[in-house]
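start.cif (mmCIF, C-alpha atoms and all ligand atoms) appears below.
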data_data
loop_
_atom_site.label_atom_id
_atom_site.label_comp_id
_atom_site.auth_asym_id
_atom_site.auth_seq_id
_atom_site.Cartn_x
_atom_site.Cartn_y
_atom_site.Cartn_z
CA MET A 1 28.27 -3.63 -9.60
CA ARG A 2 30.52 -1.67 -7.28
CA ILE A 3 32.61 -3.27 -4.56
CA LEU A 4 34.55 -1.68 -1.74
CA VAL A 5 37.64 -3.54 -0.55
CA VAL A 6 38.85 -2.52 2.91
CA GLU A 7 42.26 -4.13 3.30
CA ASP A 8 45.53 -2.74 4.63
CA GLU A 9 47.84 -5.32 3.07
CA ALA A 10 48.62 -3.70 -0.28
CA ARG A 11 49.43 -7.00 -1.92
CA VAL A 12 46.10 -8.58 -0.97
CA ALA A 13 44.18 -5.41 -1.83
CA SER A 14 45.67 -5.17 -5.31
CA PHE A 15 45.16 -8.90 -5.89
CA LEU A 16 41.48 -8.50 -5.00
CA LYS A 17 41.10 -5.33 -7.05
CA ARG A 18 42.67 -6.85 -10.16
CA GLY A 19 40.74 -10.09 -9.81
CA LEU A 20 37.39 -8.42 -9.31
CA GLU A 21 37.97 -5.88 -12.07
CA ALA A 22 38.73 -8.74 -14.43
CA GLU A 23 35.22 -9.98 -13.56
CA SER A 24 33.81 -6.57 -14.53
CA PHE A 25 33.24 -5.21 -11.05
CA ALA A 26 34.09 -1.60 -10.24
CA VAL A 27 36.42 -1.68 -7.23
CA ASP A 28 37.45 0.95 -4.69
CA VAL A 29 40.13 0.20 -2.12
CA ALA A 30 40.49 1.65 1.37
CA GLY A 31 43.71 0.97 3.26
CA ASP A 32 42.40 1.41 6.80
CA GLY A 33 39.16 1.19 8.74
CA GLN A 34 38.54 4.89 8.96
CA ASP A 35 38.93 5.39 5.23
CA GLY A 36 36.75 2.33 4.60
CA LEU A 37 33.98 3.63 6.83
CA HIS A 38 34.17 7.01 5.12
CA LEU A 39 33.95 5.56 1.60
CA ALA A 40 31.13 3.20 2.59
CA THR A 41 29.22 6.14 4.02
CA VAL A 42 29.59 8.55 1.12
CA HIS A 43 29.24 6.07 -1.76
CA GLU A 44 26.77 3.32 -2.46
CA TYR A 45 28.35 -0.08 -2.85
CA ASP A 46 26.74 -3.36 -3.77
CA LEU A 47 29.14 -5.24 -1.54
CA ILE A 48 31.96 -4.63 0.94
CA LEU A 49 34.93 -6.95 1.49
CA LEU A 50 36.10 -6.06 4.96
CA ASP A 51 39.33 -7.21 6.54
CA VAL A 52 39.21 -7.69 10.32
CA MET A 53 42.74 -6.61 11.29
CA LEU A 54 42.94 -3.01 10.12
CA PRO A 55 44.70 0.14 11.31
CA LYS A 56 42.68 2.97 12.93
CA LEU A 57 39.37 1.08 13.13
CA ASP A 58 39.27 -2.70 12.96
CA GLY A 59 36.80 -4.53 10.76
CA PHE A 60 34.40 -5.21 13.63
CA GLU A 61 34.25 -1.52 14.52
CA VAL A 62 33.70 -0.53 10.90
CA LEU A 63 30.91 -3.08 10.57
CA SER A 64 29.14 -2.10 13.77
CA LYS A 65 29.30 1.60 12.87
CA LEU A 66 27.92 0.90 9.41
CA ARG A 67 25.03 -1.14 10.75
CA ALA A 68 24.35 1.47 13.44
CA ARG A 69 23.96 3.97 10.59
CA GLU A 70 21.44 1.63 9.01
CA ASN A 71 23.78 0.86 6.14
CA VAL A 72 22.66 -2.58 4.94
CA THR A 73 25.27 -3.12 2.21
CA PRO A 74 26.23 -6.83 2.22
CA VAL A 75 29.56 -7.39 3.97
CA ILE A 76 31.99 -10.30 3.69
CA MET A 77 34.54 -10.30 6.50
CA LEU A 78 38.08 -11.35 5.59
CA THR A 79 40.40 -12.52 8.26
CA ALA A 80 43.53 -14.46 8.93
CA ARG A 81 41.92 -15.75 12.06
CA GLY A 82 39.56 -18.59 11.34
CA GLU A 83 38.47 -18.85 14.93
CA LEU A 84 34.85 -19.55 15.62
CA SER A 85 34.54 -16.67 18.10
CA ASP A 86 35.61 -14.16 15.42
CA ARG A 87 33.27 -15.66 12.90
CA VAL A 88 30.37 -15.50 15.34
CA ARG A 89 31.26 -11.96 16.35
CA GLY A 90 31.28 -10.77 12.74
CA LEU A 91 27.99 -12.42 11.96
CA ASP A 92 26.45 -11.08 15.17
CA LEU A 93 27.46 -7.58 14.16
CA GLY A 94 25.68 -7.98 10.85
CA ALA A 95 28.24 -9.46 8.47
CA ASP A 96 26.65 -11.51 5.71
CA ASP A 97 29.48 -13.94 5.17
CA TYR A 98 32.95 -14.75 6.36
CA LEU A 99 36.08 -15.93 4.60
CA ALA A 100 39.29 -16.99 6.34
CA LYS A 101 42.64 -16.10 4.79
CA PRO A 102 44.25 -17.52 2.84
CA PHE A 103 41.39 -18.16 0.48
CA ALA A 104 41.20 -19.10 -3.18
CA PHE A 105 40.01 -16.26 -5.39
CA ALA A 106 37.47 -18.63 -6.96
CA GLU A 107 35.87 -19.19 -3.58
CA LEU A 108 35.74 -15.48 -2.85
CA LEU A 109 34.16 -14.87 -6.23
CA ALA A 110 31.55 -17.58 -5.65
CA ARG A 111 30.60 -16.00 -2.30
CA VAL A 112 30.50 -12.52 -3.81
CA ARG A 113 28.19 -13.71 -6.56
CA ALA A 114 25.95 -15.61 -4.14
CA LEU A 115 25.61 -12.57 -1.93
CA LEU A 116 24.91 -10.21 -4.82
CA ARG A 117 22.21 -12.55 -6.10
CA ARG A 118 20.66 -12.61 -2.67
CA GLY A 119 20.89 -8.83 -2.52
CA VAL A 120 18.66 -8.53 -5.56
CA ASP A 121 15.85 -10.38 -3.80
CA ARG A 122 16.47 -8.79 -0.49
CA ALA A 123 13.80 -6.33 0.46
CA THR A 124 14.83 -2.81 1.36
CA PRO A 125 14.74 -2.00 5.05
CA THR A 126 11.93 -0.54 7.07
CA VAL A 127 11.44 3.18 6.66
CA SER A 128 9.94 5.38 9.35
CA VAL A 129 8.86 8.98 9.55
CA GLY A 130 7.70 10.12 12.98
CA SER A 131 5.43 7.42 14.39
CA LEU A 132 4.71 6.02 10.94
CA ALA A 133 6.71 2.91 9.98
CA LEU A 134 6.60 0.94 6.77
CA ASP A 135 8.12 -2.52 6.38
CA PRO A 136 8.48 -3.60 2.73
CA MET A 137 9.36 -7.16 3.74
CA SER A 138 6.09 -7.90 5.53
CA ARG A 139 4.28 -5.14 3.61
CA THR A 140 2.90 -3.65 6.78
CA VAL A 141 2.42 -0.07 7.87
CA THR A 142 2.09 0.89 11.50
CA ALA A 143 1.33 4.13 13.31
CA GLY A 144 2.68 3.56 16.80
CA ASP A 145 1.13 0.21 17.76
CA ALA A 146 -1.74 0.41 15.28
CA LYS A 147 -1.58 -1.39 11.96
CA ILE A 148 -2.95 0.42 8.91
CA GLU A 149 -4.11 -1.55 5.87
CA PHE A 150 -3.24 -0.25 2.42
CA THR A 151 -3.86 -1.65 -1.04
CA PRO A 152 -0.71 -2.57 -2.99
CA LYS A 153 -0.84 0.64 -5.04
CA GLU A 154 -1.41 2.80 -1.98
CA PHE A 155 1.47 1.01 -0.30
CA THR A 156 3.79 1.73 -3.23
CA LEU A 157 2.83 5.39 -3.23
CA LEU A 158 3.25 5.73 0.54
CA GLU A 159 6.64 4.00 0.42
CA TYR A 160 7.82 6.34 -2.33
CA LEU A 161 6.71 9.40 -0.37
CA MET A 162 8.27 8.12 2.87
CA ARG A 163 11.59 7.22 1.26
CA ASN A 164 11.75 10.76 -0.08
CA GLU A 165 10.74 12.46 3.15
CA GLY A 166 11.05 16.23 2.82
CA THR A 167 11.53 16.12 -0.95
CA VAL A 168 8.85 17.51 -3.24
CA LEU A 169 7.81 14.80 -5.70
CA THR A 170 6.24 16.00 -8.91
CA ARG A 171 3.22 14.26 -10.38
CA THR A 172 5.43 13.02 -13.21
CA MET A 173 7.93 11.52 -10.77
CA ILE A 174 5.13 9.86 -8.83
CA SER A 175 3.43 8.46 -11.91
CA GLU A 176 6.68 7.14 -13.34
CA HIS A 177 7.68 5.56 -10.07
CA CYS A 178 4.36 4.11 -8.97
CA TRP A 179 2.65 3.36 -12.24
CA ASP A 180 5.66 2.67 -14.48
CA ILE A 181 4.19 4.83 -17.20
CA ASN A 182 3.86 8.53 -17.67
CA PHE A 183 0.16 9.14 -17.84
CA ASP A 184 -0.03 12.93 -17.88
CA THR A 185 -3.68 12.91 -18.76
CA TYR A 186 -4.61 10.82 -15.76
CA THR A 187 -2.59 12.55 -13.10
CA ASN A 188 -5.72 13.21 -11.08
CA LEU A 189 -5.45 9.53 -10.27
CA ILE A 190 -2.50 10.46 -8.08
CA ASP A 191 -4.67 12.97 -6.21
CA VAL A 192 -7.26 10.23 -5.69
CA PHE A 193 -4.64 7.90 -4.25
CA VAL A 194 -3.16 10.60 -2.06
CA ASN A 195 -6.65 11.18 -0.68
CA HIS A 196 -6.92 7.47 0.09
CA LEU A 197 -3.66 7.65 2.00
CA ARG A 198 -4.75 10.72 3.95
CA LYS A 199 -8.06 9.12 4.85
CA LYS A 200 -6.31 6.08 6.25
CA LEU A 201 -3.74 8.16 8.12
CA GLN A 202 -6.36 10.55 9.50
CA PRO A 203 -7.59 8.37 12.44
CA HIS A 204 -3.96 8.33 13.63
CA GLY A 205 -3.61 12.09 13.31
CA LEU A 206 -1.04 11.69 10.54
CA ASP A 207 -2.98 12.89 7.49
CA GLY A 208 -1.18 16.25 7.69
CA MET A 209 2.07 14.48 6.83
CA ILE A 210 1.32 14.51 3.11
CA LYS A 211 1.33 18.07 1.92
CA THR A 212 0.13 19.33 -1.43
CA VAL A 213 2.57 21.54 -3.31
CA ARG A 214 0.31 23.52 -5.54
CA GLY A 215 0.80 22.93 -9.26
CA VAL A 216 3.76 20.64 -8.57
CA GLY A 217 3.01 17.53 -6.55
CA TYR A 218 3.37 16.28 -3.01
CA VAL A 219 5.82 16.10 -0.17
CA LEU A 220 5.73 13.94 2.94
CA LYS A 221 6.99 15.57 6.11
CA ASN A 222 7.02 14.66 9.76
CA THR A 223 4.47 16.91 11.43
CA CA B 301 44.83 -6.72 7.75
#
Produce C-alpha cells that represent the structure in this file.
Ligand code: CA
Amino acid sequence: MRILVVEDEARVASFLKRGLEAESFAVDVAGDGQDGLHLATVHEYDLILLDVMLPKLDGFEVLSKLRARENVTPVIMLTARGELSDRVRGLDLGADDYLAKPFAFAELLARVRALLRRGVDRATPTVSVGSLALDPMSRTVTAGDAKIEFTPKEFTLLEYLMRNEGTVLTRTMISEHCWDINFDTYTNLIDVFVNHLRKKLQPHGLDGMIKTVRGVGYVLKNT
C-alpha cells in the first residue's frame, strides 16, 4: 500500500512518514501543493493525506484538480482549521474524510485503514470511449441515451477492451484477464465473444470500434 503525504510542515510530514512506514506502508512526501499534485498525477497511490494550508497550491486546489482529472484516489484532508465550512468544502470537492489537527496518530491510522478497506470494495469509475459508456458500479453500458444489455462475460470483455482503448490486446492477455486461465486451445471462444459484442454494438453504429489485429488479437478504438 502506497501513501502520498502532502504536508509543508517538515515535522508533521516526517512524523506521518515514520508512523506509516512503521505500519508497513510505502510513503512519499510532497512539501507543497504543486509537488503533491505532480506526484499524485504521475504515480498511483492507494491513499493521499492532504494538508489544506500549503504553499503554491492549497489542499482544496490540489483536490479539485485531481478530481477534475478523474483521479479517484481516496483523500483524507488534514487541517488545523476544524471549521465546518472547511470540512464541507473539502468533502464537496471530493475528499473522502477529514481530520483536524492536532490529531492522534492512532486516529489517523484507523481512518486510513477504514478508507483503504472501503477502497477495495469500491468499484472503478465509469469508462467511456466516444459515445459508449460503461459503468462497473451499476453494470450498465450505454451508447448515447440507449442502454445495451450484455452478459456478465461480455461485459468483462468489453470493459477490458475499453479500459485499454488504443492498445492491442493479445488473445493470451484477453483470456488471462477475462477467463482467469490461459486456454490457448480455446482462443476461438474470444472471437465468438467479440462477435457478440460487435453484434450488440452494431445497431448503434459502434461495431467498428473493435478492430481485429490479424494473428494477434483485438484493439478498441474510437471511430
Ligand atoms: Ca500546512
Requested in this report: Let me have all residues with an atom within 6 Å of ligand CA 301 (chain B), counting only C-alpha atoms and all ligand atoms, laid out as a list in words.
Outcome: Glu7, Asp8, Glu9, Asp51, Met53 and Leu54 of chain A
Hey, could you pull the box centre and edge lengths for range 58-68 of chain A, axis-aligned, 6 Å padding per side, all listed atoms, to one decimal in Å, as lines of an AutoDock Vina configuration file?
center_x = 31.8
center_y = -1.8
center_z = 12.0
size_x = 26.9
size_y = 18.8
size_z = 17.1
**Report entry** Among the residues A:Ala133, A:Val5, A:Val112, A:Leu66, the one that comes closest to Arg163 in chain A [using all atoms listed in the file]
**Finding:** A:Ala133
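Distances from A:Asp96, A:Glu176, A:Glu165, A:Asp135 to Ile190 in chain A were compared using all atoms listed in the file, and the smallest one belongs to A:Glu176.
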Query raised in the report: How would you write as a list in words the residues that get within 12 Å of (32.1, 6.9, 6.7) in the file's frame, counting all atoms listed in the file?
Result: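 Here the neighbourhood of the point contains Ala30, Asp32, Gly33, Gln34, Asp35, Gly36, Leu37, His38, Leu39, Ala40, Thr41, Val42, His43, Glu44, Leu57, Glu61, Val62, Leu63, Ser64, Lys65, Leu66, Arg67, Ala68, Arg69 and Asn71 of chain A.
Taking CA of Val75 in chain A and CA of Ala95 in chain A as the two end points, the separation is 5.1 Å.
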Query raised in the report: Counting all atoms listed in the file, which of A:Ala110, A:Leu91, A:Leu20, A:Leu157 gets nearest to Leu189 in chain A?
Result: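 Ranking A:Ala110, A:Leu91, A:Leu20, A:Leu157 by distance to Leu189 in chain A, first place goes to A:Leu157.
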**Report entry** Contact residues around Val12 in chain A with only C-alpha atoms at 12 Å, ignoring same-chain residues under 4 positions, as a list in words
**Finding:**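 Contacts, in chain order: Val5, Val6, Glu7, Asp8, Leu16, Lys17, Arg18, Gly19, Val29, Ala30, Gly31, Leu49, Leu50, Asp51, Leu78, Thr79, Ala80, Lys101, Pro102, Phe103, Ala104 and Phe105 of chain A.
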Can I get the selected residues back with C-alpha atoms, as a compact mmCIF listing (two decimals), keeping the file's coordinate frame?
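So the final result, stored in part_9.txt, reads:
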# COMPACT_ATOMS: atom_id res chain seq x y z
CA VAL A 5 37.64 -3.54 -0.55
CA VAL A 6 38.85 -2.52 2.91
CA GLU A 7 42.26 -4.13 3.30
CA ASP A 8 45.53 -2.74 4.63
CA LEU A 16 41.48 -8.50 -5.00
CA LYS A 17 41.10 -5.33 -7.05
CA ARG A 18 42.67 -6.85 -10.16
CA GLY A 19 40.74 -10.09 -9.81
CA VAL A 29 40.13 0.20 -2.12
CA ALA A 30 40.49 1.65 1.37
CA GLY A 31 43.71 0.97 3.26
CA LEU A 49 34.93 -6.95 1.49
CA LEU A 50 36.10 -6.06 4.96
CA ASP A 51 39.33 -7.21 6.54
CA LEU A 78 38.08 -11.35 5.59
CA THR A 79 40.40 -12.52 8.26
CA ALA A 80 43.53 -14.46 8.93
CA LYS A 101 42.64 -16.10 4.79
CA PRO A 102 44.25 -17.52 2.84
CA PHE A 103 41.39 -18.16 0.48
CA ALA A 104 41.20 -19.10 -3.18
CA PHE A 105 40.01 -16.26 -5.39
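In this structure, CA of Asp28 in chain A sits 9.3 Å away from CA of Tyr45 in chain A.
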Requested in this report: To one decimal in Å, tell me the separation between CA of Ser14 in chain A and CA of Gly59 in chain A.
Outcome: 18.4 Å
Report summary line: Nearest to Leu197 in chain A, restricted to only C-alpha atoms and choosing among A:Val213, A:Leu158, A:Ile174, A:Met137, comes out as A:Leu158
Requested in this report: Considering all atoms listed in the file, state which residue in the set A:Met162, A:Ala143, A:Cys178, A:Ala26 is at the smallest distance from Leu201 in chain A.
Outcome: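 So, comparing all the options, the nearest one is A:Ala143.
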Report task. Skip Met1 in chain A itself and residues of its chain fewer than 6 positions away, then list as JSON, numbers by chain all residues within 10 Å of it, counting all atoms listed in the file. Result -> {"A": [24, 25, 26, 27, 45, 46, 47, 116]}
**Report entry** Which residue of A:Asp58, A:Val127, A:Leu108, A:Phe155 approaches Arg139 in chain A most closely, using all atoms listed in the file
**Finding:** A:Phe155
**Report entry** Residues within 12 Å of Asn195 in chain A, all atoms listed in the file, excluding chain neighbours under 2 positions, as a ChimeraX atom specification
**Finding:** /A:154,157-158,188-193,197-202,207-212,218
Requested in this report: Determine, counting only C-alpha atoms, every residue of protein, DNA or RNA that lies within 6 Å of (26.9, -14.5, 2.0) in the file coordinates, then give the result as a list in words.
Outcome: Asp96, Asp97, Arg111 and Leu115 of chain A
